[in-house]
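Shown next: run.cif, containing mmCIF, C-alpha atoms, pLDDT in the B column; chains and numbers go by the auth columns.
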```cif
data_upload
#
loop_
_atom_site.group_PDB
_atom_site.id
_atom_site.type_symbol
_atom_site.label_atom_id
_atom_site.label_comp_id
_atom_site.label_asym_id
_atom_site.label_seq_id
_atom_site.Cartn_x
_atom_site.Cartn_y
_atom_site.Cartn_z
_atom_site.B_iso_or_equiv
_atom_site.auth_seq_id
_atom_site.auth_asym_id
ATOM 1 C CA MET A 1 68.565 127.117 167.797 82.00 165 A
ATOM 2 C CA ALA A 2 71.076 124.300 167.247 84.00 166 A
ATOM 3 C CA GLN A 3 71.152 124.927 163.521 86.00 167 A
ATOM 4 C CA LEU A 4 71.859 128.625 164.091 91.00 168 A
ATOM 5 C CA ARG A 5 74.615 127.720 166.519 92.00 169 A
ATOM 6 C CA ARG A 6 76.217 125.426 163.961 94.00 170 A
ATOM 7 C CA ASP A 7 76.450 128.177 161.348 95.00 171 A
ATOM 8 C CA TYR A 8 77.173 131.093 163.643 95.00 172 A
ATOM 9 C CA ASP A 9 80.608 131.645 162.072 96.00 173 A
ATOM 10 C CA LYS A 10 78.964 132.017 158.687 96.00 174 A
ATOM 11 C CA PHE A 11 76.549 134.613 160.028 96.00 175 A
ATOM 12 C CA PHE A 12 79.447 136.402 161.660 96.00 176 A
ATOM 13 C CA ALA A 13 81.288 136.380 158.321 96.00 177 A
ATOM 14 C CA GLN A 14 78.290 138.136 156.788 95.00 178 A
ATOM 15 C CA ASP A 15 78.542 140.931 159.362 95.00 179 A
ATOM 16 C CA THR A 16 75.429 139.676 161.056 97.00 180 A
ATOM 17 C CA GLU A 17 74.496 139.559 164.717 97.00 181 A
ATOM 18 C CA VAL A 18 71.972 136.947 165.815 96.00 182 A
ATOM 19 C CA ILE A 19 69.546 138.232 168.444 97.00 183 A
ATOM 20 C CA VAL A 20 67.145 135.819 170.099 96.00 184 A
ATOM 21 C CA VAL A 21 64.063 137.238 171.827 94.00 185 A
ATOM 22 C CA GLY A 22 61.856 134.998 173.944 91.00 186 A
ATOM 23 C CA PRO A 23 59.197 135.104 176.647 89.00 187 A
ATOM 24 C CA GLU A 24 61.387 133.336 179.213 91.00 188 A
ATOM 25 C CA GLY A 25 63.029 135.177 182.089 93.00 189 A
ATOM 26 C CA ALA A 26 66.716 136.055 182.441 95.00 190 A
ATOM 27 C CA ASP A 27 67.507 132.971 184.538 95.00 191 A
ATOM 28 C CA ALA A 28 66.081 130.619 181.930 94.00 192 A
ATOM 29 C CA PHE A 29 68.048 132.392 179.231 95.00 193 A
ATOM 30 C CA ALA A 30 71.293 132.257 181.208 96.00 194 A
ATOM 31 C CA ASP A 31 70.789 128.569 181.916 95.00 195 A
ATOM 32 C CA TYR A 32 70.027 127.707 178.303 94.00 196 A
ATOM 33 C CA TRP A 33 72.897 129.804 176.938 95.00 197 A
ATOM 34 C CA GLN A 34 75.353 128.149 179.275 95.00 198 A
ATOM 35 C CA LYS A 35 74.157 124.623 178.577 94.00 199 A
ATOM 36 C CA ASN A 36 74.293 125.098 174.823 92.00 200 A
ATOM 37 C CA ASP A 37 77.288 127.422 174.643 94.00 201 A
ATOM 38 C CA LEU A 38 75.392 129.981 172.575 95.00 202 A
ATOM 39 C CA PRO A 39 77.192 133.044 171.186 95.00 203 A
ATOM 40 C CA PHE A 40 73.973 134.934 170.361 95.00 204 A
ATOM 41 C CA VAL A 41 72.572 138.002 172.039 97.00 205 A
ATOM 42 C CA GLY A 42 69.759 136.701 174.256 96.00 206 A
ATOM 43 C CA LEU A 43 66.958 139.058 175.203 96.00 207 A
ATOM 44 C CA PRO A 44 64.381 137.941 177.759 95.00 208 A
ATOM 45 C CA ASP A 45 61.041 139.578 177.045 93.00 209 A
ATOM 46 C CA PRO A 46 58.726 138.284 179.774 90.00 210 A
ATOM 47 C CA SER A 47 56.367 141.237 179.317 89.00 211 A
ATOM 48 C CA HIS A 48 56.088 140.302 175.602 88.00 212 A
ATOM 49 C CA ARG A 49 56.767 143.904 174.600 91.00 213 A
ATOM 50 C CA VAL A 50 59.041 143.160 171.639 92.00 214 A
ATOM 51 C CA LEU A 51 57.290 139.900 170.802 87.00 215 A
ATOM 52 C CA LYS A 52 54.104 141.925 170.299 86.00 216 A
ATOM 53 C CA LEU A 53 55.916 144.755 168.516 90.00 217 A
ATOM 54 C CA TYR A 54 57.093 142.274 165.920 91.00 218 A
ATOM 55 C CA GLY A 55 53.801 140.412 165.804 84.00 219 A
ATOM 56 C CA GLN A 56 54.909 136.968 166.827 72.00 220 A
ATOM 57 C CA GLU A 57 51.895 134.723 166.427 63.00 221 A
ATOM 58 C CA VAL A 58 50.425 132.984 169.412 62.00 222 A
ATOM 59 C CA SER A 59 48.267 130.035 168.454 57.00 223 A
ATOM 60 C CA LEU A 60 46.045 128.565 171.132 54.00 224 A
ATOM 61 C CA PHE A 61 45.411 125.571 168.939 55.00 225 A
ATOM 62 C CA LYS A 62 49.023 124.778 168.207 51.00 226 A
ATOM 63 C CA LEU A 63 50.368 125.014 171.725 57.00 227 A
ATOM 64 C CA GLY A 64 51.854 128.424 171.994 66.00 228 A
ATOM 65 C CA ARG A 65 54.037 130.710 169.995 72.00 229 A
ATOM 66 C CA GLN A 66 55.034 130.128 166.432 77.00 230 A
ATOM 67 C CA PRO A 67 58.592 130.884 165.335 82.00 231 A
ATOM 68 C CA ALA A 68 59.400 134.044 163.439 87.00 232 A
ATOM 69 C CA GLN A 69 62.573 135.407 161.900 92.00 233 A
ATOM 70 C CA VAL A 70 63.283 138.912 160.684 94.00 234 A
ATOM 71 C CA SER A 71 66.433 140.078 158.904 94.00 235 A
ATOM 72 C CA ILE A 72 67.361 143.735 159.218 95.00 236 A
ATOM 73 C CA ASP A 73 70.075 145.427 157.185 93.00 237 A
ATOM 74 C CA LYS A 74 72.638 147.947 158.369 92.00 238 A
ATOM 75 C CA GLN A 75 70.297 150.804 157.482 90.00 239 A
ATOM 76 C CA GLY A 76 67.718 149.376 159.870 93.00 240 A
ATOM 77 C CA MET A 77 65.392 148.223 157.086 91.00 241 A
ATOM 78 C CA VAL A 78 63.468 144.948 157.190 92.00 242 A
ATOM 79 C CA ARG A 79 64.709 142.746 154.351 90.00 243 A
ATOM 80 C CA PHE A 80 63.302 139.326 155.195 90.00 244 A
ATOM 81 C CA VAL A 81 60.306 138.262 157.225 89.00 245 A
ATOM 82 C CA HIS A 82 59.225 134.746 157.990 88.00 246 A
ATOM 83 C CA TYR A 83 56.300 133.961 160.260 84.00 247 A
ATOM 84 C CA GLY A 84 56.087 130.223 160.794 82.00 248 A
ATOM 85 C CA HIS A 85 52.863 128.285 160.911 77.00 249 A
ATOM 86 C CA ASP A 86 54.124 125.572 163.250 77.00 250 A
ATOM 87 C CA PRO A 87 57.074 125.122 165.612 75.00 251 A
ATOM 88 C CA SER A 88 59.266 123.400 163.042 79.00 252 A
ATOM 89 C CA ASP A 89 58.591 125.987 160.358 81.00 253 A
ATOM 90 C CA ILE A 90 61.845 127.931 160.262 83.00 254 A
ATOM 91 C CA PRO A 91 63.840 128.929 157.194 86.00 255 A
ATOM 92 C CA ALA A 92 67.057 127.109 156.313 89.00 256 A
ATOM 93 C CA ASN A 93 70.293 128.843 157.280 92.00 257 A
ATOM 94 C CA GLU A 94 71.547 128.576 153.716 92.00 258 A
ATOM 95 C CA GLU A 95 68.638 130.631 152.477 90.00 259 A
ATOM 96 C CA ILE A 96 69.204 133.370 155.045 92.00 260 A
ATOM 97 C CA LEU A 97 72.975 133.390 154.497 94.00 261 A
ATOM 98 C CA ASP A 98 72.443 133.745 150.776 91.00 262 A
ATOM 99 C CA LEU A 99 70.122 136.667 151.410 89.00 263 A
ATOM 100 C CA LEU A 100 72.568 138.322 153.825 92.00 264 A
ATOM 101 C CA GLN A 101 75.299 138.109 151.243 91.00 265 A
ATOM 102 C CA LYS A 102 73.049 139.820 148.693 87.00 266 A
ATOM 103 C CA MET A 103 72.102 142.445 151.277 86.00 267 A
ATOM 104 C CA ASN A 104 75.767 143.228 151.821 87.00 268 A
ATOM 105 C CA GLU A 105 76.410 143.465 148.114 84.00 269 A
ATOM 106 C CA THR A 106 73.350 145.582 147.378 74.00 270 A
ATOM 107 C CA PRO A 107 72.631 147.937 150.249 61.00 271 A
ATOM 108 C CA VAL A 108 69.582 149.543 148.690 55.00 272 A
ATOM 109 C CA THR A 109 65.897 148.887 148.968 47.00 273 A
ATOM 110 C CA VAL A 110 64.498 147.089 145.970 45.00 274 A
ATOM 111 C CA GLN A 111 61.298 145.300 145.072 44.00 275 A
ATOM 112 C CA ALA A 112 59.659 142.968 147.516 47.00 276 A
ATOM 113 C CA ALA A 113 58.609 139.541 146.368 48.00 277 A
ATOM 114 C CA THR A 114 56.621 136.711 147.815 48.00 278 A
ATOM 115 C CA SER A 115 58.528 133.483 147.310 50.00 279 A
ATOM 116 C CA ASP A 116 57.139 130.317 145.744 47.00 280 A
ATOM 117 C CA TRP A 117 57.891 128.670 149.045 48.00 281 A
ATOM 118 C CA ALA A 118 55.521 131.002 150.875 49.00 282 A
ATOM 119 C CA ARG A 119 52.835 130.592 148.240 48.00 283 A
ATOM 120 C CA ASN A 120 52.944 126.850 148.749 51.00 284 A
ATOM 121 C CA ASN A 121 52.852 126.965 152.510 52.00 285 A
ATOM 122 C CA ALA A 122 50.509 128.272 155.131 53.00 286 A
ATOM 123 C CA SER A 123 53.216 130.429 156.650 59.00 287 A
ATOM 124 C CA THR A 124 53.974 133.976 155.634 65.00 288 A
ATOM 125 C CA ARG A 125 57.276 134.826 154.139 69.00 289 A
ATOM 126 C CA GLN A 126 58.483 137.910 152.358 71.00 290 A
ATOM 127 C CA ILE A 127 61.920 138.182 150.894 70.00 291 A
ATOM 128 C CA TRP A 128 63.517 141.250 149.532 68.00 292 A
ATOM 129 C CA LYS A 129 64.580 140.455 145.997 64.00 293 A
ATOM 130 C CA ASN A 130 67.172 142.082 143.808 59.00 294 A
ATOM 131 C CA GLU A 131 65.434 142.469 140.467 55.00 295 A
ATOM 132 C CA PRO A 132 67.788 142.925 137.495 51.00 296 A
ATOM 133 C CA MET B 1 45.979 138.797 164.536 44.00 1 B
ATOM 134 C CA SER B 2 48.760 140.901 165.916 53.00 2 B
ATOM 135 C CA LYS B 3 50.589 143.518 163.917 66.00 3 B
ATOM 136 C CA ARG B 4 53.392 142.244 161.743 78.00 4 B
ATOM 137 C CA VAL B 5 56.448 144.000 160.455 86.00 5 B
ATOM 138 C CA GLU B 6 56.571 144.946 156.796 84.00 6 B
ATOM 139 C CA LEU B 7 59.290 144.349 154.271 85.00 7 B
ATOM 140 C CA ASN B 8 61.349 147.356 153.169 84.00 8 B
ATOM 141 C CA GLN B 9 60.175 149.401 156.135 88.00 9 B
ATOM 142 C CA PRO B 10 62.312 150.535 159.056 93.00 10 B
ATOM 143 C CA ALA B 11 62.421 147.809 161.700 95.00 11 B
ATOM 144 C CA PRO B 12 60.689 148.960 164.904 95.00 12 B
ATOM 145 C CA ASP B 13 63.378 149.932 167.394 96.00 13 B
ATOM 146 C CA PHE B 14 63.387 148.511 170.894 97.00 14 B
ATOM 147 C CA THR B 15 65.561 148.321 173.960 97.00 15 B
ATOM 148 C CA LEU B 16 65.672 145.285 176.241 97.00 16 B
ATOM 149 C CA ALA B 17 68.128 144.153 178.899 97.00 17 B
ATOM 150 C CA ASP B 18 69.991 141.007 177.901 97.00 18 B
ATOM 151 C CA PHE B 19 70.062 138.109 180.349 96.00 19 B
ATOM 152 C CA LYS B 20 73.221 139.519 181.921 96.00 20 B
ATOM 153 C CA GLY B 21 71.553 142.877 182.521 96.00 21 B
ATOM 154 C CA SER B 22 73.159 144.973 179.770 97.00 22 B
ATOM 155 C CA GLU B 23 70.802 147.116 177.711 97.00 23 B
ATOM 156 C CA VAL B 24 70.622 146.265 174.037 97.00 24 B
ATOM 157 C CA SER B 25 68.921 148.514 171.480 97.00 25 B
ATOM 158 C CA LEU B 26 68.330 147.539 167.911 97.00 26 B
ATOM 159 C CA SER B 27 69.492 151.000 166.840 96.00 27 B
ATOM 160 C CA ASN B 28 72.926 150.313 168.385 95.00 28 B
ATOM 161 C CA PHE B 29 73.675 148.079 165.419 96.00 29 B
ATOM 162 C CA ARG B 30 72.696 150.572 162.736 94.00 30 B
ATOM 163 C CA GLY B 31 75.512 151.207 160.288 93.00 31 B
ATOM 164 C CA LYS B 32 77.530 148.362 161.822 95.00 32 B
ATOM 165 C CA LYS B 33 75.808 145.001 161.587 96.00 33 B
ATOM 166 C CA ASN B 34 72.991 143.191 159.887 96.00 34 B
ATOM 167 C CA ILE B 35 70.629 141.589 162.349 97.00 35 B
ATOM 168 C CA LEU B 36 68.912 138.248 162.330 96.00 36 B
ATOM 169 C CA LEU B 37 66.126 138.596 164.848 96.00 37 B
ATOM 170 C CA VAL B 38 64.877 135.221 166.035 94.00 38 B
ATOM 171 C CA PHE B 39 61.624 134.677 167.885 90.00 39 B
ATOM 172 C CA ASN B 40 61.460 131.137 169.133 80.00 40 B
ATOM 173 C CA ARG B 41 58.483 129.405 170.537 67.00 41 B
ATOM 174 C CA GLY B 42 60.362 128.770 173.763 67.00 42 B
ATOM 175 C CA PHE B 43 63.280 126.698 174.953 67.00 43 B
ATOM 176 C CA PHE B 44 61.413 124.094 176.917 50.00 44 B
#
```
Once you've parsed the file, please lay out its structure as structure tokens.
Amino acid sequence: MAQLRRDYDKFFAQDTEVIVVGPEGADAFADYWQKNDLPFVGLPDPSHRVLKLYGQEVSLFKLGRQPAQVSIDKQGMVRFVHYGHDPSDIPANEEILDLLQKMNETPVTVQAATSDWARNNASTRQIWKNEP
Amino acid sequence: MSKRVELNQPAPDFTLADFKGSEVSLSNFRGKKNILLVFNRGFF
């Protein structure tokens, strides 16, 4: 979350809103947002409705939920999906910012690709790719 | 394994109240903003 906070201005510059969904209740969200001065939209989902809708993995063997990130373009289409395999498995901001810039430049659906990164890791990642 | 979202498909819409009580729908942002949806493992 700290790394997203650090680059929030860059996400904003790419016309992107950051929405954080978590299983905690509203009080926990409010507390955490205040302590960390977070500008994101924070959505408590204690009934796990949206967490399930988006298929966030729950691993009993790795102590809980694994991180996931989904980028959605202005047409409402999914353009990037990353399901982490452990709690530290989150994509770098630079990679997402680069993708957002390409999404803004090319607002059409093109071929999907599985990245080398995903092939070499246990996590699942799909990145929309602008094929020439 | 739970259902996962697919690339190049419409993102499933949802509405949740934010922690201040205002309703937020994914579809509110359509045509206006890209979204980075972040599912963390928890704050604690």
* **Check: which chain B residues lie within 7 Å of chain A using only C-alpha atoms, as a PyMOL selection string** => chain B and resi 2-11+14+16-19+30-42
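We find atom CA of Leu263 of chain A and atom CA of Asn200 of chain A to be spaced 26.4 Å apart.
Of note, atom CA of Leu26 of chain B and atom CA of Asp13 of chain B are spaced 5.5 Å apart.
Atom CA of Pro12 of chain B lies 28.9 Å from atom CA of Asp201 of chain A.
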Around all of segment 22-35 of chain B's listed atoms, make the axis-aligned box with 6 Å on each side and tell me centre and edge lengths in Å to one decimal, as JSON.
```
{"center_x": 72.9, "center_y": 146.4, "center_z": 169.8, "size_x": 21.2, "size_y": 21.6, "size_z": 31.9}
```
Mind filling out segment 4-26 of chain B with N, CA and C atoms and sending it as a short mmCIF file (atom, residue, chain, number, x, y, z; two decimals), in the coordinates of the input?
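Final output, result-v8.cif:
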```cif
data_model
loop_
_atom_site.label_atom_id
_atom_site.label_comp_id
_atom_site.auth_asym_id
_atom_site.auth_seq_id
_atom_site.Cartn_x
_atom_site.Cartn_y
_atom_site.Cartn_z
N ARG B 4 52.16 142.84 162.22
CA ARG B 4 53.39 142.24 161.74
C ARG B 4 54.26 143.32 161.12
N VAL B 5 55.56 143.03 161.09
CA VAL B 5 56.45 144.00 160.46
C VAL B 5 56.38 143.83 158.94
N GLU B 6 56.66 144.92 158.25
CA GLU B 6 56.57 144.95 156.80
C GLU B 6 57.95 145.00 156.18
N LEU B 7 58.05 144.35 155.03
CA LEU B 7 59.29 144.35 154.27
C LEU B 7 59.60 145.75 153.75
N ASN B 8 60.87 146.07 153.69
CA ASN B 8 61.35 147.36 153.17
C ASN B 8 60.84 148.56 153.96
N GLN B 9 60.53 148.32 155.21
CA GLN B 9 60.18 149.40 156.14
C GLN B 9 61.21 149.40 157.26
N PRO B 10 61.39 150.54 157.91
CA PRO B 10 62.31 150.54 159.06
C PRO B 10 61.84 149.56 160.13
N ALA B 11 62.77 148.75 160.64
CA ALA B 11 62.42 147.81 161.70
C ALA B 11 62.10 148.60 162.97
N PRO B 12 61.02 148.25 163.66
CA PRO B 12 60.69 148.96 164.90
C PRO B 12 61.84 148.84 165.91
N ASP B 13 62.27 149.97 166.43
CA ASP B 13 63.38 149.93 167.39
C ASP B 13 62.85 149.50 168.77
N PHE B 14 63.75 148.91 169.53
CA PHE B 14 63.39 148.51 170.89
C PHE B 14 64.65 148.47 171.73
N THR B 15 64.47 148.51 173.02
CA THR B 15 65.56 148.32 173.96
C THR B 15 65.11 147.30 175.00
N LEU B 16 65.93 146.27 175.19
CA LEU B 16 65.67 145.28 176.24
C LEU B 16 67.00 145.01 176.94
N ALA B 17 66.93 144.60 178.20
CA ALA B 17 68.13 144.15 178.90
C ALA B 17 68.41 142.71 178.48
N ASP B 18 69.68 142.41 178.18
CA ASP B 18 69.99 141.01 177.90
C ASP B 18 70.00 140.22 179.21
N PHE B 19 70.23 138.92 179.13
CA PHE B 19 70.06 138.11 180.35
C PHE B 19 71.16 138.36 181.38
N LYS B 20 72.19 139.13 180.95
CA LYS B 20 73.22 139.52 181.92
C LYS B 20 72.97 140.92 182.49
N GLY B 21 71.92 141.57 181.99
CA GLY B 21 71.55 142.88 182.52
C GLY B 21 72.00 144.07 181.70
N SER B 22 72.73 143.85 180.61
CA SER B 22 73.16 144.97 179.77
C SER B 22 72.05 145.36 178.80
N GLU B 23 71.85 146.67 178.63
CA GLU B 23 70.80 147.12 177.71
C GLU B 23 71.25 146.96 176.26
N VAL B 24 70.36 146.44 175.47
CA VAL B 24 70.62 146.26 174.04
C VAL B 24 69.50 146.97 173.26
N SER B 25 69.90 147.88 172.36
CA SER B 25 68.92 148.51 171.48
C SER B 25 69.20 148.09 170.05
N LEU B 26 68.15 147.89 169.32
CA LEU B 26 68.33 147.54 167.91
C LEU B 26 69.12 148.63 167.19
#
```
